[in-house]
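Source file: my_file_16.csv (CSV, C-alpha atoms and all ligand atoms)
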chain,number,residue,atom,x,y,z
A,1,MET,CA,33.1,15.7,-2.4
A,2,PRO,CA,36.7,14.9,-3.5
A,3,ARG,CA,37.7,11.5,-4.9
A,4,GLY,CA,39.2,9.0,-2.5
A,5,ASN,CA,37.3,9.9,0.6
A,6,SER,CA,36.4,7.0,2.8
A,7,ALA,CA,32.8,7.9,3.7
A,8,PRO,CA,30.3,5.0,3.9
A,9,THR,CA,28.4,6.8,1.0
A,10,SER,CA,31.5,6.8,-1.2
A,11,ILE,CA,30.7,5.2,-4.6
A,12,VAL,CA,32.8,2.1,-5.3
A,13,LYS,CA,31.2,0.7,-8.4
A,14,LEU,CA,28.9,1.9,-11.3
A,15,GLU,CA,27.5,-0.9,-13.6
A,16,ALA,CA,25.0,-1.1,-16.5
A,17,GLU,CA,23.2,-4.0,-18.1
A,18,PRO,CA,20.5,-4.2,-20.8
A,19,LEU,CA,16.9,-4.2,-19.6
A,20,ASP,CA,14.5,-5.5,-22.3
A,21,ILE,CA,10.8,-5.6,-21.6
A,22,PRO,CA,8.2,-6.4,-24.3
A,23,LEU,CA,5.1,-4.1,-24.6
A,24,ILE,CA,1.6,-5.6,-24.4
A,25,GLU,CA,0.9,-4.0,-27.8
A,26,PRO,CA,3.1,-1.8,-30.1
A,27,PHE,CA,3.3,1.9,-29.1
A,28,ALA,CA,3.0,4.3,-31.9
A,29,ILE,CA,3.4,8.1,-31.8
A,30,ALA,CA,3.8,10.8,-34.5
A,31,THR,CA,7.6,10.2,-34.8
A,32,GLY,CA,7.8,6.4,-34.6
A,33,ARG,CA,6.7,3.0,-33.3
A,34,VAL,CA,8.3,0.6,-30.7
A,35,THR,CA,7.4,-2.9,-29.7
A,36,SER,CA,9.5,-3.2,-26.6
A,37,ALA,CA,11.3,-1.2,-24.0
A,38,ARG,CA,15.0,-1.5,-24.7
A,39,ASN,CA,16.3,0.2,-21.5
A,40,VAL,CA,19.3,0.0,-19.3
A,41,LEU,CA,19.5,-1.1,-15.6
A,42,VAL,CA,22.0,1.0,-13.6
A,43,ARG,CA,23.6,-0.2,-10.4
A,44,VAL,CA,25.6,1.9,-8.0
A,45,THR,CA,27.4,0.3,-5.1
A,46,LEU,CA,28.5,2.3,-2.1
A,47,ALA,CA,31.5,1.7,0.3
A,48,ASP,CA,29.1,0.3,3.0
A,49,GLY,CA,27.7,-2.3,0.5
A,50,THR,CA,24.4,-0.4,-0.2
A,51,VAL,CA,23.2,-0.8,-3.8
A,52,GLY,CA,21.1,1.9,-5.6
A,53,LEU,CA,19.1,1.1,-8.7
A,54,GLY,CA,18.5,3.4,-11.7
A,55,GLU,CA,17.0,3.1,-15.2
A,56,ALA,CA,17.8,4.7,-18.5
A,57,ALA,CA,14.9,4.6,-20.9
A,58,PRO,CA,16.1,5.8,-24.4
A,59,PHE,CA,13.2,6.2,-26.8
A,60,PRO,CA,14.8,6.3,-30.2
A,61,PRO,CA,11.9,8.0,-32.1
A,62,SER,CA,12.2,11.2,-30.0
A,63,GLY,CA,15.5,11.2,-28.1
A,64,GLY,CA,18.6,10.5,-30.1
A,65,GLU,CA,19.8,7.7,-27.7
A,66,THR,CA,19.5,4.0,-28.1
A,67,GLN,CA,20.0,1.1,-25.6
A,68,GLU,CA,23.5,0.7,-27.1
A,69,THR,CA,24.5,4.3,-26.7
A,70,ALA,CA,23.0,4.5,-23.2
A,71,LEU,CA,24.9,1.4,-22.1
A,72,ALA,CA,28.2,2.9,-23.5
A,73,ALA,CA,27.5,6.2,-21.9
A,74,VAL,CA,26.8,4.8,-18.4
A,75,ARG,CA,29.9,2.7,-18.6
A,76,GLY,CA,31.8,5.8,-19.8
A,77,MET,CA,30.6,7.7,-16.7
A,78,ALA,CA,32.4,5.4,-14.3
A,79,PRO,CA,35.5,7.5,-13.9
A,80,LEU,CA,33.4,10.5,-13.1
A,81,VAL,CA,31.4,8.6,-10.5
A,82,GLU,CA,33.5,5.9,-8.8
A,83,GLY,CA,35.5,7.2,-5.9
A,84,TYR,CA,33.2,10.2,-5.3
A,85,ASP,CA,30.8,10.6,-2.4
A,86,ALA,CA,27.1,10.1,-3.3
A,87,ALA,CA,26.3,12.8,-0.7
A,88,GLY,CA,27.7,15.2,-3.3
A,89,TRP,CA,25.0,14.3,-5.7
A,90,ARG,CA,24.6,17.9,-7.1
A,91,PRO,CA,28.3,18.3,-8.1
A,92,LEU,CA,28.2,14.8,-9.4
A,93,ALA,CA,25.3,15.6,-11.7
A,94,LYS,CA,27.1,18.7,-12.8
A,95,ARG,CA,30.1,16.7,-13.8
A,96,LEU,CA,28.0,14.3,-15.8
A,97,LEU,CA,26.2,17.1,-17.5
A,98,ALA,CA,29.5,18.7,-18.5
A,99,SER,CA,30.8,15.6,-20.3
A,100,PHE,CA,27.6,13.8,-21.3
A,101,GLU,CA,25.1,16.6,-22.1
A,102,HIS,CA,23.2,14.7,-24.8
A,103,GLN,CA,23.2,11.3,-23.1
A,104,GLU,CA,20.2,12.4,-21.0
A,105,THR,CA,18.7,9.0,-20.3
A,106,ALA,CA,22.1,7.7,-19.2
A,107,ARG,CA,22.6,10.6,-16.8
A,108,ALA,CA,19.0,10.2,-15.5
A,109,GLY,CA,19.7,6.5,-14.7
A,110,VAL,CA,23.0,7.2,-12.9
A,111,GLU,CA,21.5,10.1,-10.9
A,112,MET,CA,18.6,7.9,-10.0
A,113,ALA,CA,20.8,5.1,-8.7
A,114,VAL,CA,23.0,7.5,-6.8
A,115,LEU,CA,20.1,9.2,-5.0
A,116,ASP,CA,18.5,5.8,-4.3
A,117,ALA,CA,21.7,4.5,-2.7
A,118,LEU,CA,22.2,7.6,-0.7
A,119,THR,CA,18.7,7.8,0.7
A,120,ARG,CA,18.8,4.1,1.5
A,121,VAL,CA,21.9,4.7,3.7
A,122,TRP,CA,20.2,7.7,5.2
A,123,ASN,CA,17.0,5.6,5.8
A,124,THR,CA,14.9,8.2,4.1
A,125,PRO,CA,12.2,7.7,1.4
A,126,LEU,CA,13.1,9.5,-1.7
A,127,PHE,CA,9.8,11.4,-1.8
A,128,GLN,CA,10.5,12.8,1.7
A,129,PHE,CA,14.1,13.7,0.7
A,130,CYS,CA,12.6,15.6,-2.3
A,131,GLY,CA,10.3,17.7,0.0
A,132,GLY,CA,7.6,15.4,1.4
A,133,VAL,CA,4.7,17.4,0.0
A,134,GLU,CA,2.5,14.4,-0.9
A,135,SER,CA,2.7,10.7,-0.8
A,136,ARG,CA,0.5,9.8,-3.8
A,137,VAL,CA,0.1,10.6,-7.4
A,138,VAL,CA,-2.8,9.9,-9.8
A,139,SER,CA,-1.7,9.1,-13.4
A,140,ASP,CA,-3.5,9.4,-16.7
A,141,ILE,CA,-3.2,6.5,-19.2
A,142,THR,CA,-2.0,6.9,-22.8
A,143,ILE,CA,-3.6,5.6,-26.0
A,144,PRO,CA,-1.2,5.3,-28.9
A,145,ILE,CA,-2.0,6.3,-32.5
A,146,GLU,CA,-4.1,3.5,-34.0
A,147,GLY,CA,-7.4,3.3,-35.9
A,148,PRO,CA,-10.3,5.2,-34.3
A,149,ALA,CA,-12.1,1.9,-33.5
A,150,HIS,CA,-9.2,0.4,-31.6
A,151,MET,CA,-8.5,3.7,-29.8
A,152,ALA,CA,-12.1,3.8,-28.7
A,153,GLU,CA,-12.0,0.2,-27.5
A,154,LEU,CA,-8.9,1.1,-25.4
A,155,ALA,CA,-10.6,4.2,-24.1
A,156,GLU,CA,-13.7,2.3,-23.0
A,157,ARG,CA,-11.6,-0.3,-21.2
A,158,TYR,CA,-9.5,2.2,-19.4
A,159,ALA,CA,-12.6,4.3,-18.4
A,160,SER,CA,-14.2,1.2,-17.0
A,161,ASP,CA,-11.0,0.4,-15.1
A,162,GLY,CA,-11.3,3.8,-13.4
A,163,ALA,CA,-9.2,6.1,-15.5
A,164,THR,CA,-10.3,9.8,-15.2
A,165,THR,CA,-7.8,11.2,-17.8
A,166,LEU,CA,-7.0,9.7,-21.2
A,167,LYS,CA,-3.9,10.9,-23.1
A,168,LEU,CA,-4.3,10.4,-26.9
A,169,LYS,CA,-1.3,10.4,-29.2
A,170,VAL,CA,-2.1,12.4,-32.4
A,171,GLY,CA,0.0,14.4,-34.9
A,172,THR,CA,-0.4,12.6,-38.1
A,173,ASP,CA,-3.1,13.5,-40.6
A,174,LEU,CA,-5.5,16.2,-39.4
A,175,ASP,CA,-8.8,14.6,-40.6
A,176,ASP,CA,-7.7,11.2,-39.2
A,177,ASP,CA,-6.8,12.7,-35.9
A,178,ILE,CA,-10.2,14.4,-35.6
A,179,ASP,CA,-11.8,11.0,-36.2
A,180,ARG,CA,-9.6,9.4,-33.6
A,181,VAL,CA,-10.3,12.0,-30.9
A,182,LEU,CA,-14.1,12.0,-31.6
A,183,ALA,CA,-14.2,8.2,-31.4
A,184,VAL,CA,-12.4,8.3,-28.0
A,185,ALA,CA,-14.6,11.1,-26.7
A,186,GLU,CA,-17.7,9.2,-27.6
A,187,ALA,CA,-16.4,5.9,-26.0
A,188,ALA,CA,-15.3,7.6,-22.7
A,189,PRO,CA,-17.5,10.7,-22.3
A,190,ASP,CA,-16.7,11.2,-18.7
A,191,CYS,CA,-12.9,11.2,-19.1
A,192,ASP,CA,-10.8,14.3,-19.5
A,193,LEU,CA,-8.7,14.2,-22.7
A,194,ILE,CA,-5.1,15.3,-23.2
A,195,LEU,CA,-3.9,15.4,-26.8
A,196,ASP,CA,-0.2,14.9,-27.6
A,197,GLY,CA,0.9,16.0,-31.0
A,198,ASN,CA,4.6,14.9,-30.5
A,199,GLN,CA,5.7,17.7,-32.9
A,200,GLY,CA,3.6,16.4,-35.7
A,201,TYR,CA,1.6,19.5,-36.8
A,202,GLN,CA,2.2,22.7,-38.6
A,203,PRO,CA,1.0,25.5,-36.3
A,204,ILE,CA,-2.1,26.3,-38.4
A,205,ASP,CA,-3.2,22.7,-38.5
A,206,ALA,CA,-2.9,22.4,-34.7
A,207,VAL,CA,-5.2,25.4,-34.3
A,208,ASP,CA,-7.6,23.8,-36.8
A,209,LEU,CA,-7.7,20.6,-34.8
A,210,ILE,CA,-8.8,22.3,-31.6
A,211,ALA,CA,-11.3,24.4,-33.5
A,212,SER,CA,-12.8,21.4,-35.3
A,213,LEU,CA,-13.1,19.5,-32.0
A,214,ALA,CA,-14.8,22.5,-30.4
A,215,ASP,CA,-17.4,22.4,-33.2
A,216,GLU,CA,-18.2,18.9,-32.0
A,217,GLU,CA,-18.2,20.1,-28.3
A,218,VAL,CA,-15.0,18.2,-27.5
A,219,TYR,CA,-12.7,20.3,-25.3
A,220,PRO,CA,-9.3,18.7,-24.4
A,221,ILE,CA,-7.9,19.8,-21.1
A,222,LEU,CA,-4.3,20.0,-22.5
A,223,PHE,CA,-2.6,20.0,-25.9
A,224,GLU,CA,1.0,18.8,-25.7
A,225,GLN,CA,3.8,19.7,-28.1
A,226,PRO,CA,1.7,20.3,-31.3
A,227,VAL,CA,4.7,21.6,-33.3
A,228,HIS,CA,8.4,20.9,-33.9
A,229,ARG,CA,10.5,21.3,-30.8
A,230,HIS,CA,12.6,24.1,-32.3
A,231,ASP,CA,9.6,26.1,-33.5
A,232,LEU,CA,8.9,28.2,-30.4
A,233,GLU,CA,7.2,30.9,-32.4
A,234,GLY,CA,4.9,28.3,-33.9
A,235,LEU,CA,4.2,26.9,-30.4
A,236,ARG,CA,3.3,30.5,-29.3
A,237,PHE,CA,1.1,30.9,-32.3
A,238,VAL,CA,-0.9,27.8,-31.2
A,239,THR,CA,-0.9,28.8,-27.5
A,240,GLU,CA,-2.4,32.3,-28.4
A,241,ARG,CA,-5.2,30.8,-30.5
A,242,VAL,CA,-6.5,27.7,-28.8
A,243,GLY,CA,-8.7,27.7,-25.7
A,244,ALA,CA,-6.9,24.7,-24.2
A,245,PRO,CA,-3.7,25.0,-22.3
A,246,VAL,CA,-0.6,24.1,-24.4
A,247,ALA,CA,2.3,22.1,-23.0
A,248,ALA,CA,6.0,22.2,-24.1
A,249,ASP,CA,7.5,18.7,-24.0
A,250,GLU,CA,10.2,18.0,-26.6
A,251,SER,CA,11.0,21.8,-26.6
A,252,VAL,CA,12.2,21.7,-23.0
A,253,HIS,CA,15.2,19.6,-21.9
A,254,THR,CA,16.9,22.2,-19.6
A,255,ALA,CA,16.0,25.0,-17.2
A,256,ALA,CA,17.2,27.5,-19.8
A,257,ASP,CA,14.7,26.0,-22.3
A,258,ALA,CA,11.9,26.5,-19.8
A,259,LEU,CA,13.0,30.1,-19.2
A,260,ARG,CA,12.9,30.7,-23.0
A,261,VAL,CA,9.3,29.2,-23.2
A,262,ALA,CA,8.2,31.4,-20.3
A,263,ARG,CA,9.8,34.6,-21.7
A,264,MET,CA,8.1,34.1,-25.1
A,265,GLY,CA,4.8,33.0,-23.7
A,266,ALA,CA,5.2,30.0,-26.0
A,267,ALA,CA,3.3,27.6,-23.7
A,268,ASN,CA,1.2,27.4,-20.5
A,269,VAL,CA,2.7,24.1,-19.2
A,270,VAL,CA,6.0,22.3,-19.2
A,271,ASN,CA,6.1,18.5,-19.4
A,272,ILE,CA,9.2,17.4,-17.3
A,273,LYS,CA,10.7,14.0,-17.9
A,274,LEU,CA,13.6,12.5,-16.0
A,275,MET,CA,14.8,11.0,-19.3
A,276,LYS,CA,15.0,14.4,-21.0
A,277,SER,CA,17.1,16.2,-18.3
A,278,GLY,CA,18.2,14.0,-15.5
A,279,LEU,CA,16.9,14.4,-11.9
A,280,VAL,CA,18.8,17.5,-10.8
A,281,GLU,CA,18.0,19.5,-14.0
A,282,ALA,CA,14.3,18.3,-13.6
A,283,MET,CA,14.3,20.1,-10.2
A,284,GLU,CA,15.8,23.2,-11.8
A,285,ILE,CA,13.2,23.2,-14.6
A,286,ALA,CA,10.4,22.9,-12.0
A,287,ALA,CA,11.8,25.9,-10.1
A,288,VAL,CA,11.9,28.0,-13.3
A,289,CYS,CA,8.3,27.0,-14.1
A,290,ARG,CA,7.0,27.8,-10.7
A,291,ALA,CA,8.7,31.2,-10.7
A,292,ALA,CA,7.2,31.9,-14.2
A,293,HIS,CA,3.7,30.6,-13.3
A,294,LEU,CA,3.9,27.8,-15.8
A,295,ASP,CA,2.0,24.7,-14.8
A,296,LEU,CA,3.9,21.5,-14.3
A,297,MET,CA,3.5,18.1,-15.9
A,298,ILE,CA,5.5,14.9,-15.3
A,299,GLY,CA,5.8,12.5,-18.2
A,300,ALA,CA,7.9,9.5,-19.1
A,301,MET,CA,9.5,7.5,-22.0
A,302,ILE,CA,8.7,3.8,-22.1
A,303,GLU,CA,9.8,3.3,-18.5
A,304,SER,CA,9.4,0.4,-16.1
A,305,ARG,CA,8.3,0.4,-12.5
A,306,LEU,CA,11.9,1.5,-11.6
A,307,ALA,CA,12.1,4.8,-13.3
A,308,ILE,CA,8.4,5.5,-12.8
A,309,ALA,CA,8.8,5.0,-9.1
A,310,ALA,CA,11.6,7.5,-9.0
A,311,ALA,CA,9.5,10.0,-11.0
A,312,ALA,CA,6.5,9.5,-8.7
A,313,HIS,CA,8.8,10.0,-5.6
A,314,LEU,CA,10.2,13.2,-7.1
A,315,VAL,CA,6.9,14.8,-8.1
A,316,ALA,CA,5.0,13.7,-4.9
A,317,GLY,CA,7.9,15.0,-2.9
A,318,MET,CA,8.1,18.4,-4.7
A,319,GLY,CA,4.3,18.7,-5.1
A,320,GLY,CA,2.4,20.9,-7.4
A,321,PHE,CA,2.4,18.8,-10.6
A,322,ARG,CA,-1.0,19.4,-12.2
A,323,TYR,CA,-0.7,16.8,-14.9
A,324,VAL,CA,0.7,13.3,-14.2
A,325,ASP,CA,1.5,10.9,-17.1
A,326,LEU,CA,3.3,8.0,-15.4
A,327,ASP,CA,1.5,5.1,-17.0
A,328,THR,CA,4.1,3.2,-18.9
A,329,PRO,CA,4.5,0.2,-16.6
A,330,MET,CA,0.9,-0.5,-17.4
A,331,LEU,CA,1.8,-0.8,-21.1
A,332,LEU,CA,4.5,-3.5,-20.4
A,333,ALA,CA,3.9,-7.2,-20.7
A,334,SER,CA,6.0,-8.1,-17.6
A,335,ASP,CA,7.5,-6.4,-14.5
A,336,PRO,CA,11.0,-7.4,-13.5
A,337,PHE,CA,10.8,-5.3,-10.4
A,338,SER,CA,8.8,-5.0,-7.1
A,339,GLY,CA,8.2,-2.2,-4.6
A,340,GLY,CA,8.5,1.6,-5.2
A,341,TYR,CA,4.8,2.2,-4.9
A,342,ALA,CA,1.5,0.5,-4.2
A,343,GLN,CA,-0.9,0.8,-7.1
A,344,ASP,CA,-4.6,0.9,-6.9
A,345,GLY,CA,-6.0,1.5,-10.4
A,346,PHE,CA,-4.3,4.7,-11.6
A,347,ILE,CA,-3.2,5.8,-8.1
A,348,TYR,CA,0.3,5.3,-6.9
A,349,THR,CA,0.8,5.5,-3.1
A,350,LEU,CA,4.4,5.8,-1.7
A,351,ASP,CA,5.5,4.1,1.5
A,352,PRO,CA,6.9,6.4,4.2
A,353,SER,CA,8.6,3.5,5.9
A,354,GLN,CA,10.6,2.4,2.8
A,355,PRO,CA,14.0,4.2,2.2
A,356,GLY,CA,15.1,5.2,-1.3
A,357,HIS,CA,12.7,4.8,-4.2
A,358,GLY,CA,12.1,1.4,-2.8
A,359,VAL,CA,12.3,-0.6,-6.0
A,360,SER,CA,14.1,-4.0,-6.0
A,361,VAL,CA,14.8,-6.6,-8.7
A,362,GLU,CA,12.3,-9.5,-8.6
A,363,GLU,CA,14.0,-12.7,-7.7
B,401,MG,MG,4.6,14.4,-24.9
Would you mind giving the structure from this file in structure tokens?
Amino acid sequence: MPRGNSAPTSIVKLEAEPLDIPLIEPFAIATGRVTSARNVLVRVTLADGTVGLGEAAPFPPSGGETQETALAAVRGMAPLVEGYDAAGWRPLAKRLLASFEHQETARAGVEMAVLDALTRVWNTPLFQFCGGVESRVVSDITIPIEGPAHMAELAERYASDGATTLKLKVGTDLDDDIDRVLAVAEAAPDCDLILDGNQGYQPIDAVDLIASLADEEVYPILFEQPVHRHDLEGLRFVTERVGAPVAADESVHTAADALRVARMGAANVVNIKLMKSGLVEAMEIAAVCRAAHLDLMIGAMIESRLAIAAAAHLVAGMGGFRYVDLDTPMLLASDPFSGGYAQDGFIYTLDPSQPGHGVSVEE
């Protein structure tokens, strides 16, 4: 929609502010360690006064953005957003992509706020707007890289809380990682295990890891991003040699990336994250994966209830996501938001009577 139209869904203001939330305990993966979420809260105000909320969640160890760059990027997007109609959310996302390709978390936060505001005006829950396939998702829970004893303790606690799938961060030293996985498997024998290498292995070591675990009769249900994101041949090497399905995560930020993975047979699954691509490109990636018979996973950076609610609405609405890793609000020491979903253990249920993603700032 052209600038200057007077529709009630015309965007009059785009704002950003820091959103700092401490973690319950430090979160370590193969590429780095963080102690708090240093995110960005995005607010979009429409001509009729409706406010939409979005969140950018830069994760410096794997993304290339920080809170400072995301704040600057959102503020820099104002001329591309203010004065335009939120109803034209696809052309708006295209404009943002053209000028801010690598500010992915900032784009995600703005797209999220625009779609929230729009669907609030239209009195439609975001998950129904996205397709209305389901109204609930069941998440796994992630255990960061720590000593085997502490990882086992977390696994036992989560299993007794009702978790059915545990995601383990690995990708450091091969022997240490084998000890970690075996400790968790022993502590939570009834849980399915997802391993996430976060690009930490050489291809041959990744194959060795799965073989060593099989020797101990431990069979992960998924192996995420074992090798460097640019090493698609290495990813294919692993995919062709391990019994477990392999997921491309850091390797896929765009639909074109997903197409390349599919053509090469480099992986069996793609982990989509709003913070890697934005919302519109996430939909495009999902479409490519479905056409190529790649399974879908949804993941997250260190996101609060706000961005996790938006992701839950998107994937429940679109349906067909086999692996759901939307656990990060459970890792945060406080929750500055309310709404978005009702949580029972690891199950998020979405409210069909609540428009938008339904999240509001706690008073
Ligand atoms: Mg991952």
Can I get the residues of chain A within 7 Å of ligand MG 401 (chain B), each with the closest pair of atoms and their distance in Å to one decimal, using only C-alpha atoms and all ligand atoms, sorted chain first then ascending number, as JSON lines?
{"residue": "A:Asp196", "atom": "CA", "partner": "B:MG401", "partner_atom": "MG", "distance": 5.5}
{"residue": "A:Asn198", "atom": "CA", "partner": "B:MG401", "partner_atom": "MG", "distance": 5.6}
{"residue": "A:Glu224", "atom": "CA", "partner": "B:MG401", "partner_atom": "MG", "distance": 5.7}
{"residue": "A:Gln225", "atom": "CA", "partner": "B:MG401", "partner_atom": "MG", "distance": 6.2}
{"residue": "A:Asp249", "atom": "CA", "partner": "B:MG401", "partner_atom": "MG", "distance": 5.3}
{"residue": "A:Glu250", "atom": "CA", "partner": "B:MG401", "partner_atom": "MG", "distance": 6.9}
*Is there a way to get, as a PyMOL selection string, all residues within 12 Å of the point (-5.7, 24.2, -25.7) in file coordinates, counting all atoms listed in the file?*
chain A and resi 193-197+206-211+213-214+218-226+235-248+267-269
Select all residues near (-5.9, 14.1, -17.4) (cut-off 10 Å, inclusive, file coordinates), counting only C-alpha atoms, and output them as a short mmCIF file (atom, residue, chain, number, x, y, z; two decimals) with C-alpha atoms, keeping the file's coordinate frame.
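In the end it all went to selection13.cif:
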data_model
loop_
_atom_site.label_atom_id
_atom_site.label_comp_id
_atom_site.auth_asym_id
_atom_site.auth_seq_id
_atom_site.Cartn_x
_atom_site.Cartn_y
_atom_site.Cartn_z
CA VAL A 138 -2.80 9.90 -9.80
CA SER A 139 -1.70 9.10 -13.40
CA ASP A 140 -3.50 9.40 -16.70
CA ILE A 141 -3.20 6.50 -19.20
CA THR A 142 -2.00 6.90 -22.80
CA ALA A 163 -9.20 6.10 -15.50
CA THR A 164 -10.30 9.80 -15.20
CA THR A 165 -7.80 11.20 -17.80
CA LEU A 166 -7.00 9.70 -21.20
CA LYS A 167 -3.90 10.90 -23.10
CA CYS A 191 -12.90 11.20 -19.10
CA ASP A 192 -10.80 14.30 -19.50
CA LEU A 193 -8.70 14.20 -22.70
CA ILE A 194 -5.10 15.30 -23.20
CA LEU A 195 -3.90 15.40 -26.80
CA PRO A 220 -9.30 18.70 -24.40
CA ILE A 221 -7.90 19.80 -21.10
CA LEU A 222 -4.30 20.00 -22.50
CA ARG A 322 -1.00 19.40 -12.20
CA TYR A 323 -0.70 16.80 -14.90
CA VAL A 324 0.70 13.30 -14.20
CA ASP A 325 1.50 10.90 -17.10
#
*Shortest interatomic distance to Pro355 (chain A) - which of A:Ala106, A:Val181, A:Ile272, A:Leu126, counting all atoms listed in the file*: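 Closest candidate: A:Leu126.
Relative to CA of Val280 (chain A), CA of Met264 (chain A) is found at 24.4 Å.
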*Between CA of Ala152 (chain A) and CA of Leu23 (chain A), what is the distance, to one decimal in Å?*
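Going from CA of Ala152 (chain A) over to CA of Leu23 (chain A) covers 19.4 Å.
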*Atomic distance CA of Ala255 (chain A) - CA of Pro91 (chain A), expressed in Å with one decimal*: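 CA of Ala255 (chain A) sits 16.7 Å away from CA of Pro91 (chain A).
With distances taken over all atoms listed in the file, A:Lys169 is the one residue among A:Lys273, A:Arg75, A:Arg120, A:Lys169 lying closest to Phe27 (chain A).
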How would region 92-110 of chain A read, as a short mmCIF file (atom, residue, chain, number, x, y, z; two decimals), in the coordinates of the input, once N, CA and C atoms are built in?
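Done, and the output landed in rebuild-v6.cif:
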data_model
loop_
_atom_site.label_atom_id
_atom_site.label_comp_id
_atom_site.auth_asym_id
_atom_site.auth_seq_id
_atom_site.Cartn_x
_atom_site.Cartn_y
_atom_site.Cartn_z
N LEU A 92 28.07 15.94 -8.56
CA LEU A 92 28.20 14.80 -9.40
C LEU A 92 27.37 14.93 -10.68
N ALA A 93 26.12 15.38 -10.51
CA ALA A 93 25.30 15.60 -11.70
C ALA A 93 25.84 16.66 -12.61
N LYS A 94 26.47 17.66 -12.02
CA LYS A 94 27.10 18.70 -12.80
C LYS A 94 28.23 18.20 -13.67
N ARG A 95 29.04 17.32 -13.04
CA ARG A 95 30.10 16.70 -13.80
C ARG A 95 29.61 15.88 -14.97
N LEU A 96 28.57 15.10 -14.70
CA LEU A 96 28.00 14.30 -15.80
C LEU A 96 27.44 15.13 -16.89
N LEU A 97 26.77 16.23 -16.51
CA LEU A 97 26.20 17.10 -17.50
C LEU A 97 27.29 17.73 -18.40
N ALA A 98 28.41 18.08 -17.79
CA ALA A 98 29.50 18.70 -18.50
C ALA A 98 30.04 17.78 -19.63
N SER A 99 30.14 16.49 -19.31
CA SER A 99 30.80 15.60 -20.30
C SER A 99 29.78 14.76 -21.10
N PHE A 100 28.53 14.64 -20.63
CA PHE A 100 27.60 13.80 -21.30
C PHE A 100 26.23 14.53 -21.50
N GLU A 101 26.31 15.76 -21.97
CA GLU A 101 25.10 16.60 -22.10
C GLU A 101 23.98 15.92 -22.80
N HIS A 102 24.29 15.27 -23.94
CA HIS A 102 23.20 14.70 -24.80
C HIS A 102 22.86 13.29 -24.47
N GLN A 103 23.57 12.68 -23.49
CA GLN A 103 23.20 11.30 -23.10
C GLN A 103 22.28 11.46 -21.85
N GLU A 104 21.11 12.02 -22.11
CA GLU A 104 20.20 12.40 -21.00
C GLU A 104 19.66 11.24 -20.24
N THR A 105 19.31 10.17 -20.97
CA THR A 105 18.70 9.00 -20.30
C THR A 105 19.78 8.33 -19.42
N ALA A 106 21.02 8.29 -19.93
CA ALA A 106 22.10 7.70 -19.20
C ALA A 106 22.37 8.47 -17.89
N ARG A 107 22.38 9.81 -18.01
CA ARG A 107 22.60 10.60 -16.80
C ARG A 107 21.43 10.43 -15.84
N ALA A 108 20.20 10.36 -16.35
CA ALA A 108 19.00 10.20 -15.50
C ALA A 108 19.19 8.84 -14.69
N GLY A 109 19.60 7.78 -15.39
CA GLY A 109 19.70 6.50 -14.70
C GLY A 109 20.78 6.49 -13.64
N VAL A 110 21.91 7.18 -13.90
CA VAL A 110 23.00 7.20 -12.90
C VAL A 110 22.56 8.10 -11.71
#
